[in-house]
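Okay, target13.txt now, which holds compact mmCIF, C-alpha atoms and all ligand atoms:
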```txt
# COMPACT_ATOMS: atom_id res chain seq x y z
CA MET A 1 21.73 16.46 32.72
CA ARG A 2 20.38 14.52 35.71
CA GLU A 3 18.89 16.38 38.64
CA ILE A 4 19.40 14.81 42.09
CA ILE A 5 16.90 15.98 44.70
CA ARG A 6 17.43 15.12 48.36
CA ALA A 7 14.35 14.79 50.57
CA GLU A 8 14.03 17.70 53.00
CA TYR A 9 14.48 15.32 55.96
CA SER A 10 16.65 12.22 55.64
CA GLY A 11 19.47 10.39 57.37
CA PHE A 12 20.54 10.36 61.02
CA CYS A 13 17.87 11.38 63.52
CA PHE A 14 18.59 12.94 66.89
CA GLY A 15 18.47 9.62 68.82
CA VAL A 16 20.80 7.75 66.49
CA ASP A 17 23.23 10.65 66.14
CA ARG A 18 23.51 10.91 69.93
CA ALA A 19 23.95 7.13 70.34
CA VAL A 20 26.64 6.77 67.68
CA LYS A 21 28.69 9.74 68.93
CA GLU A 22 28.43 8.53 72.52
CA ALA A 23 29.35 4.92 71.66
CA PHE A 24 32.57 5.97 69.90
CA THR A 25 33.43 8.33 72.81
CA VAL A 26 32.73 5.73 75.50
CA ARG A 27 35.23 3.37 73.93
CA LYS A 28 38.07 5.84 74.58
CA THR A 29 37.49 5.96 78.34
CA LYS A 30 36.30 2.45 79.24
CA GLY A 31 37.72 -1.07 79.27
CA ARG A 32 35.90 -3.98 77.62
CA THR A 33 32.81 -2.49 76.04
CA PHE A 34 29.86 -4.21 74.41
CA THR A 35 26.59 -3.19 72.82
CA LEU A 36 23.56 -5.31 73.60
CA GLY A 37 22.44 -6.10 70.06
CA PRO A 38 23.67 -3.96 67.13
CA LEU A 39 23.79 -0.30 68.22
CA ILE A 40 21.77 0.74 65.18
CA HIS A 41 20.44 -1.05 62.11
CA ASN A 42 23.35 -0.14 59.88
CA LYS A 43 26.09 -2.69 59.26
CA ASP A 44 28.68 -0.15 58.04
CA VAL A 45 28.40 1.73 61.34
CA THR A 46 28.40 -1.36 63.55
CA ASP A 47 31.44 -2.73 61.64
CA LYS A 48 33.30 0.54 62.36
CA LEU A 49 32.33 0.29 66.00
CA GLU A 50 33.59 -3.29 66.10
CA ASP A 51 36.90 -2.15 64.57
CA SER A 52 37.19 0.45 67.35
CA GLY A 53 36.85 -2.32 69.96
CA VAL A 54 33.14 -2.24 70.78
CA SER A 55 31.71 -5.73 70.24
CA THR A 56 28.08 -6.70 69.92
CA ILE A 57 26.63 -9.37 72.18
CA SER A 58 23.13 -10.80 72.19
CA GLU A 59 20.89 -10.97 75.25
CA GLY A 60 21.61 -14.70 75.39
CA GLU A 61 25.30 -13.90 75.91
CA ILE A 62 24.84 -11.59 78.92
CA GLY A 63 26.24 -14.36 81.15
CA ARG A 64 29.65 -13.80 79.48
CA LEU A 65 29.94 -10.30 80.96
CA GLU A 66 32.30 -9.54 83.81
CA LYS A 67 31.80 -6.99 86.59
CA ASP A 68 34.16 -4.35 85.13
CA ASP A 69 32.66 -4.52 81.64
CA THR A 70 30.70 -1.67 80.11
CA VAL A 71 27.42 -2.42 78.34
CA ILE A 72 25.77 0.01 75.95
CA ILE A 73 21.99 -0.20 75.64
CA ARG A 74 21.01 0.80 72.14
CA THR A 75 18.43 3.34 70.94
CA HIS A 76 15.66 0.68 70.81
CA GLY A 77 15.90 0.06 74.56
CA VAL A 78 15.47 -3.25 76.42
CA THR A 79 12.90 -4.96 78.63
CA ARG A 80 12.72 -4.12 82.33
CA ALA A 81 13.94 -7.67 83.11
CA VAL A 82 17.10 -7.23 81.02
CA TYR A 83 17.76 -3.80 82.51
CA ASP A 84 17.34 -5.06 86.08
CA GLY A 85 19.46 -8.13 85.30
CA LEU A 86 22.37 -5.95 84.12
CA LYS A 87 22.07 -3.75 87.21
CA ALA A 88 22.14 -6.80 89.48
CA MET A 89 25.33 -8.02 87.76
CA GLY A 90 27.01 -4.72 88.64
CA VAL A 91 28.26 -3.98 85.10
CA ASP A 92 28.67 -0.37 83.99
CA ILE A 93 25.53 0.50 81.99
CA ILE A 94 25.57 3.26 79.37
CA ASP A 95 21.90 3.68 78.51
CA LEU A 96 21.53 5.16 75.03
CA THR A 97 17.85 4.29 74.70
CA CYS A 98 16.30 7.15 72.74
CA PRO A 99 14.40 9.46 75.15
CA TYR A 100 11.30 9.07 72.94
CA VAL A 101 11.40 5.29 73.47
CA ILE A 102 11.92 5.73 77.23
CA ASN A 103 8.77 7.87 77.23
CA ILE A 104 6.80 4.96 75.68
CA GLN A 105 8.23 2.46 78.17
CA LYS A 106 7.17 4.74 81.06
CA LYS A 107 3.64 5.18 79.71
CA VAL A 108 3.22 1.45 79.18
CA SER A 109 4.48 0.65 82.67
CA GLU A 110 2.26 3.31 84.29
CA TYR A 111 -0.96 2.25 82.53
CA HIS A 112 -0.26 -1.46 82.93
CA ASP A 113 0.04 -0.86 86.68
CA LYS A 114 -3.32 0.98 86.55
CA GLY A 115 -4.98 -2.11 85.06
CA TYR A 116 -5.16 -1.02 81.39
CA GLN A 117 -4.73 -3.50 78.52
CA ILE A 118 -1.69 -2.29 76.55
CA VAL A 119 -1.97 -2.28 72.75
CA ILE A 120 1.15 -1.63 70.68
CA LEU A 121 1.06 -0.78 66.98
CA GLY A 122 4.24 -2.24 65.51
CA ASP A 123 6.30 -5.26 64.60
CA GLY A 124 6.31 -7.75 67.47
CA ASN A 125 9.77 -9.02 66.50
CA HIS A 126 11.38 -5.58 66.37
CA PRO A 127 13.69 -4.94 69.37
CA GLU A 128 11.98 -1.64 70.20
CA VAL A 129 8.57 -3.36 70.48
CA VAL A 130 10.04 -6.36 72.34
CA GLY A 131 11.58 -3.87 74.77
CA ILE A 132 8.37 -1.86 75.25
CA ASN A 133 6.35 -5.02 75.83
CA GLY A 134 8.82 -5.92 78.54
CA TRP A 135 7.62 -2.91 80.57
CA CYS A 136 4.11 -4.40 80.92
CA ASP A 137 5.13 -7.97 81.81
CA ASN A 138 4.98 -8.97 78.11
CA SER A 139 1.20 -8.69 78.21
CA ALA A 140 0.63 -6.27 75.31
CA TYR A 141 -1.56 -7.02 72.33
CA ILE A 142 0.65 -6.18 69.34
CA THR A 143 -0.79 -5.38 65.92
CA PRO A 144 1.38 -4.63 62.87
CA THR A 145 -1.36 -2.99 60.79
CA GLY A 146 -3.88 -1.62 63.26
CA GLU A 147 -6.31 -4.52 62.82
CA VAL A 148 -7.62 -5.89 66.12
CA ASP A 149 -8.87 -9.47 66.15
CA ILE A 150 -9.24 -10.27 69.85
CA PRO A 151 -11.64 -8.89 72.46
CA LEU A 152 -9.77 -6.29 74.52
CA LYS A 153 -10.10 -5.48 78.21
CA ARG A 154 -12.51 -2.73 79.26
CA LYS A 155 -9.73 -0.15 79.67
CA VAL A 156 -7.17 0.12 76.89
CA CYS A 157 -3.93 2.11 76.52
CA VAL A 158 -2.60 2.43 72.96
CA VAL A 159 0.96 3.33 71.90
CA SER A 160 2.93 2.97 68.69
CA GLN A 161 6.39 1.86 67.62
CA THR A 162 8.25 5.10 66.86
CA THR A 163 8.71 4.27 63.17
CA GLU A 164 5.10 3.37 62.35
CA LYS A 165 3.10 4.83 59.50
CA GLN A 166 0.47 7.43 60.41
CA ARG A 167 -2.18 5.61 58.38
CA ASN A 168 -1.73 2.41 60.45
CA TRP A 169 -2.11 4.50 63.61
CA LEU A 170 -5.38 6.01 62.36
CA ASN A 171 -6.61 2.53 61.40
CA LEU A 172 -5.87 1.24 64.90
CA ILE A 173 -7.59 4.15 66.63
CA MET A 174 -10.69 3.64 64.46
CA ASN A 175 -10.77 -0.07 65.33
CA ILE A 176 -10.28 0.51 69.06
CA ALA A 177 -12.96 3.22 69.07
CA LYS A 178 -15.46 0.78 67.54
CA THR A 179 -15.16 -1.71 70.40
CA SER A 180 -13.74 0.05 73.43
CA LYS A 181 -15.65 2.35 75.76
CA GLU A 182 -12.62 3.70 77.56
CA PHE A 183 -9.18 4.12 76.05
CA VAL A 184 -6.18 6.42 76.19
CA ALA A 185 -4.02 6.81 73.10
CA PHE A 186 -0.48 8.19 72.93
CA ASN A 187 0.62 8.81 69.38
CA THR A 188 4.26 7.91 69.94
CA ILE A 189 5.29 7.93 66.28
CA CYS A 190 8.49 9.93 66.42
CA LYS A 191 8.59 13.37 64.78
CA ALA A 192 11.80 12.44 62.96
CA THR A 193 9.98 9.45 61.44
CA GLU A 194 7.00 11.55 60.41
CA GLU A 195 9.21 14.21 58.81
CA ARG A 196 11.25 11.62 56.90
CA GLN A 197 8.18 9.75 55.69
CA LYS A 198 6.28 12.87 54.66
CA SER A 199 9.15 14.48 52.75
CA ALA A 200 10.10 11.19 51.02
CA GLU A 201 6.50 10.50 50.05
CA GLU A 202 6.07 13.99 48.56
CA LEU A 203 9.36 13.82 46.69
CA SER A 204 8.54 10.39 45.23
CA LYS A 205 5.53 11.90 43.44
CA GLU A 206 7.72 14.35 41.52
CA VAL A 207 10.66 12.26 40.28
CA ASP A 208 11.44 9.60 37.67
CA ALA A 209 13.25 7.35 40.15
CA MET A 210 13.82 7.20 43.91
CA LEU A 211 16.85 5.95 45.81
CA VAL A 212 16.27 4.89 49.43
CA ILE A 213 19.48 4.33 51.41
CA GLY A 214 19.57 2.34 54.64
CA GLY A 215 20.20 -0.94 56.43
CA LYS A 216 18.28 -4.04 55.37
CA SER A 217 17.01 -4.57 58.92
CA SER A 218 16.10 -0.91 59.46
CA SER A 219 12.35 -0.67 60.01
CA ASN A 220 12.12 3.04 59.19
CA THR A 221 14.14 2.59 55.96
CA LYS A 222 11.80 -0.20 54.81
CA LYS A 223 8.79 2.04 55.47
CA LEU A 224 10.37 4.86 53.44
CA TYR A 225 10.81 2.38 50.60
CA GLU A 226 7.17 1.23 50.79
CA LEU A 227 5.83 4.79 50.82
CA CYS A 228 7.98 5.87 47.86
CA ARG A 229 7.31 2.69 45.88
CA ALA A 230 3.57 3.39 46.06
CA ASN A 231 4.15 6.60 44.07
CA CYS A 232 7.22 5.82 42.00
CA GLU A 233 7.64 2.44 40.34
CA LYS A 234 11.39 2.95 39.94
CA THR A 235 12.16 3.03 43.67
CA TYR A 236 15.26 1.15 44.80
CA MET A 237 16.59 0.47 48.28
CA VAL A 238 20.32 -0.04 48.88
CA GLU A 239 22.53 -0.29 51.97
CA ASN A 240 25.46 1.63 50.49
CA ALA A 241 27.35 2.75 47.36
CA GLN A 242 28.73 -0.74 46.71
CA GLU A 243 25.24 -2.19 46.45
CA LEU A 244 24.09 0.73 44.31
CA ALA A 245 27.02 0.20 41.91
CA GLY A 246 25.66 -3.28 41.12
CA MET A 247 22.26 -1.95 40.07
CA ILE A 248 23.05 1.52 38.81
CA ASN A 249 21.60 0.63 35.37
CA ASN A 250 18.14 0.78 36.91
CA PHE A 251 18.50 4.56 36.94
CA ASP A 252 19.19 4.77 33.18
CA GLY A 253 16.92 7.36 31.60
CA ALA A 254 15.84 8.88 34.92
CA VAL A 255 16.30 12.64 34.66
CA ARG A 256 15.00 13.60 38.09
CA VAL A 257 16.15 11.27 40.87
CA GLY A 258 14.97 11.65 44.46
CA VAL A 259 17.11 10.52 47.38
CA THR A 260 16.12 9.68 50.92
CA ALA A 261 17.76 7.72 53.73
CA GLY A 262 16.68 6.02 56.93
CA ALA A 263 17.26 7.51 60.36
CA SER A 264 20.18 5.14 60.94
CA THR A 265 22.05 5.99 57.73
CA PRO A 266 25.14 8.18 58.27
CA GLU A 267 25.91 11.13 56.03
CA TRP A 268 29.10 9.59 54.58
CA ILE A 269 27.15 6.61 53.23
CA ILE A 270 24.54 8.91 51.65
CA LYS A 271 27.25 11.07 50.02
CA GLU A 272 29.11 8.04 48.62
CA ALA A 273 25.91 6.64 47.10
CA VAL A 274 24.72 9.97 45.69
CA GLY A 275 28.16 10.37 44.08
CA LEU A 276 27.38 7.39 41.80
CA LEU A 277 24.09 8.75 40.45
S1 LIG B 1 13.66 7.58 65.00
FE1 LIG B 1 12.91 8.87 66.67
S2 LIG B 1 12.61 7.43 68.36
FE2 LIG B 1 13.93 6.40 66.91
S3 LIG B 1 16.01 6.87 67.60
FE3 LIG B 1 15.44 8.43 66.08
S4 LIG B 1 14.66 10.16 67.29
FE4 LIG B 1 14.63 8.32 68.61
```
In structure tokens, what does this structure look like?
Amino acid sequence: MREIIRAEYSGFCFGVDRAVKEAFTVRKTKGRTFTLGPLIHNKDVTDKLEDSGVSTISEGEIGRLEKDDTVIIRTHGVTRAVYDGLKAMGVDIIDLTCPYVINIQKKVSEYHDKGYQIVILGDGNHPEVVGINGWCDNSAYITPTGEVDIPLKRKVCVVSQTTEKQRNWLNLIMNIAKTSKEFVAFNTICKATEERQKSAEELSKEVDAMLVIGGKSSSNTKKLYELCRANCEKTYMVENAQELAGMINNFDGAVRVGVTAGASTPEWIIKEAVGLL
């Protein structure tokens, strides 16, 4: 008999839960409504939103918007330039940027204005990091691993993408401390991320196989996969039950199976997938 063990923390976080609920509610009371980029990194959810009449547009398509349109800013946030541009157009803005991300944007803006060099730990192509960098005139030094290979200014302010790994943060702080005389560091890794990573990592040490459920472009889901894979060779990442069905044989012989899911994975997708194990 197979035992399925769910990680203590997994699935929707506070920021995503709030954004998804609000986006579906907004649609009922507004006219033409768009999200700027996919609301969250989960195709099943964004497809449902599209079916309900909320379309996704890219930043390059902002010119298509009309004055009475409603634009939803997603959890990752946007640059100051994009935000100001939308305001100047007079469109109705529903800002669902996660409050934790807004906190980072404010810190970056404040310390940039004070003359600090901003350093961001994260993926420079991820929309959250692109957005944060846009609050310091796109001047940040961005490092994905914590390695620093350029000389930094005398005063440095360090922040992190909310989904980063703690070990990368520690690596960055060590490297900054070696070269910088004066720095301020805000550990902005989100608590939801830490809890999900820690509980998934612990669980992956105790099971025969691990299932990680989440969108292919979800940064936090990929990090859960990497952490689990380091402990459990039979770790598999799927977007949903359909994808799992095509590789279910990989779980043959696994008696104890651990399950975790990214912060943008809704409960119904987790339940459907777990039902196949
Ligand atoms: S992972 Fe954290 S920062 Fe990101 S949306 Fe969720 S609560 Fe907000």
Best match for closeness to Glu147 (chain A) among A:Asn103, A:Asn171, A:Ser58, A:Thr97, counting all atoms listed in the file = A:Asn171
Pairwise distance, CA of Lys28 (chain A) with CA of Val71 (chain A), equals 14.0 Å
Protein, DNA and RNA residues within 12 Å of (25.3, 11.5, 48.4), all atoms listed in the file, as number ranges by chain | A: 4-7, 10-11, 211-213, 240-241, 244, 257-261, 265-277
Quick one: residues within 6 Å of ligand LIG 1 (chain B), with all atoms listed in the file, as a list in words?
-> Cys13, Phe14, Gly15, Val16, Thr75, Cys98, Tyr100, Val101, Thr162, Cys190, Ala192, Thr193 and Ala263 of chain A
Give the answer as one residue: which of A:Ser199, A:Glu59, A:Arg64, A:Glu243 has the shortest atom-to-atom distance to Arg32 (chain A), using all atoms listed in the file?
-> A:Arg64
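The space separating CA of Leu227 (chain A) from CA of Gln161 (chain A) comes to 17.1 Å.
We find CA of Lys114 (chain A) and CA of Lys87 (chain A) to be spaced 25.8 Å apart.
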Compile the contact shell of Gly253 (chain A) as a PDB file with C-alpha atoms, keeping the file's coordinate frame: residues with an atom at most 9 Å away, counting all atoms listed in the file, same-chain residues fewer than 3 positions apart removed.
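Writing the result to out.pdb gives the following:
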```pdb
ATOM      1  CA  ARG A   2      20.380  14.520  35.710  1.00  0.00           C
ATOM      2  CA  ASP A 208      11.440   9.600  37.670  1.00  0.00           C
ATOM      3  CA  ASN A 250      18.140   0.780  36.910  1.00  0.00           C
TER       4      ASN A 250
END
```
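Across A:Asn168, A:Gln117, A:Asn249, A:Thr163, the tightest approach to Tyr236 (chain A) is made by A:Asn249 when counting only C-alpha atoms.
Distances to Lys21 (chain A) were evaluated for A:Gly131, A:Leu49, A:Ser204, A:Val91 using all atoms listed in the file, and the minimum falls at A:Leu49.
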12 Å contact set for Glu128 (chain A), all atoms listed in the file, chain neighbours under 6 positions out, as an MDAnalysis selection string = chainID A and resid 37 40:41 73:79 97:98 100:102 104:105 120:122 134:135 160:164 218:220
Trp169 (chain A) environment, 9 Å, all atoms listed in the file, sequence neighbours closer than 2 positions dropped, as an MDAnalysis selection string = chainID A and resid 121 145:146 159:160 164:167 171:174 187 189
Could you pull out every residue with an atom within 9 Å of (24.3, -0.8, 58.0), file coordinates, counting only C-alpha atoms, and send them as a count of residues only?
-> 17
Val54 (chain A): which residues within 7 Å, counting all atoms listed in the file, same-chain residues fewer than 2 positions away excluded, as a VMD selection string?
-> chain A and resid 27 33 to 35 49 to 50 52 56
Shortest contact to Asn175 (chain A), candidates A:Asp68, A:Asp149, A:Glu110, A:Glu195, atoms counted all atoms listed in the file, goes to A:Asp149
Non-local contacts of Met89 (chain A) (12 Å; all atoms listed in the file; under 2 positions in same chain excluded) as a ChimeraX atom specification | /A:62-71,82-87,91-93
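Closest approach to Asp137 (chain A) among A:Leu39, A:Val156, A:Ala81, A:Cys228 is made by A:Ala81 (distances from all atoms listed in the file).
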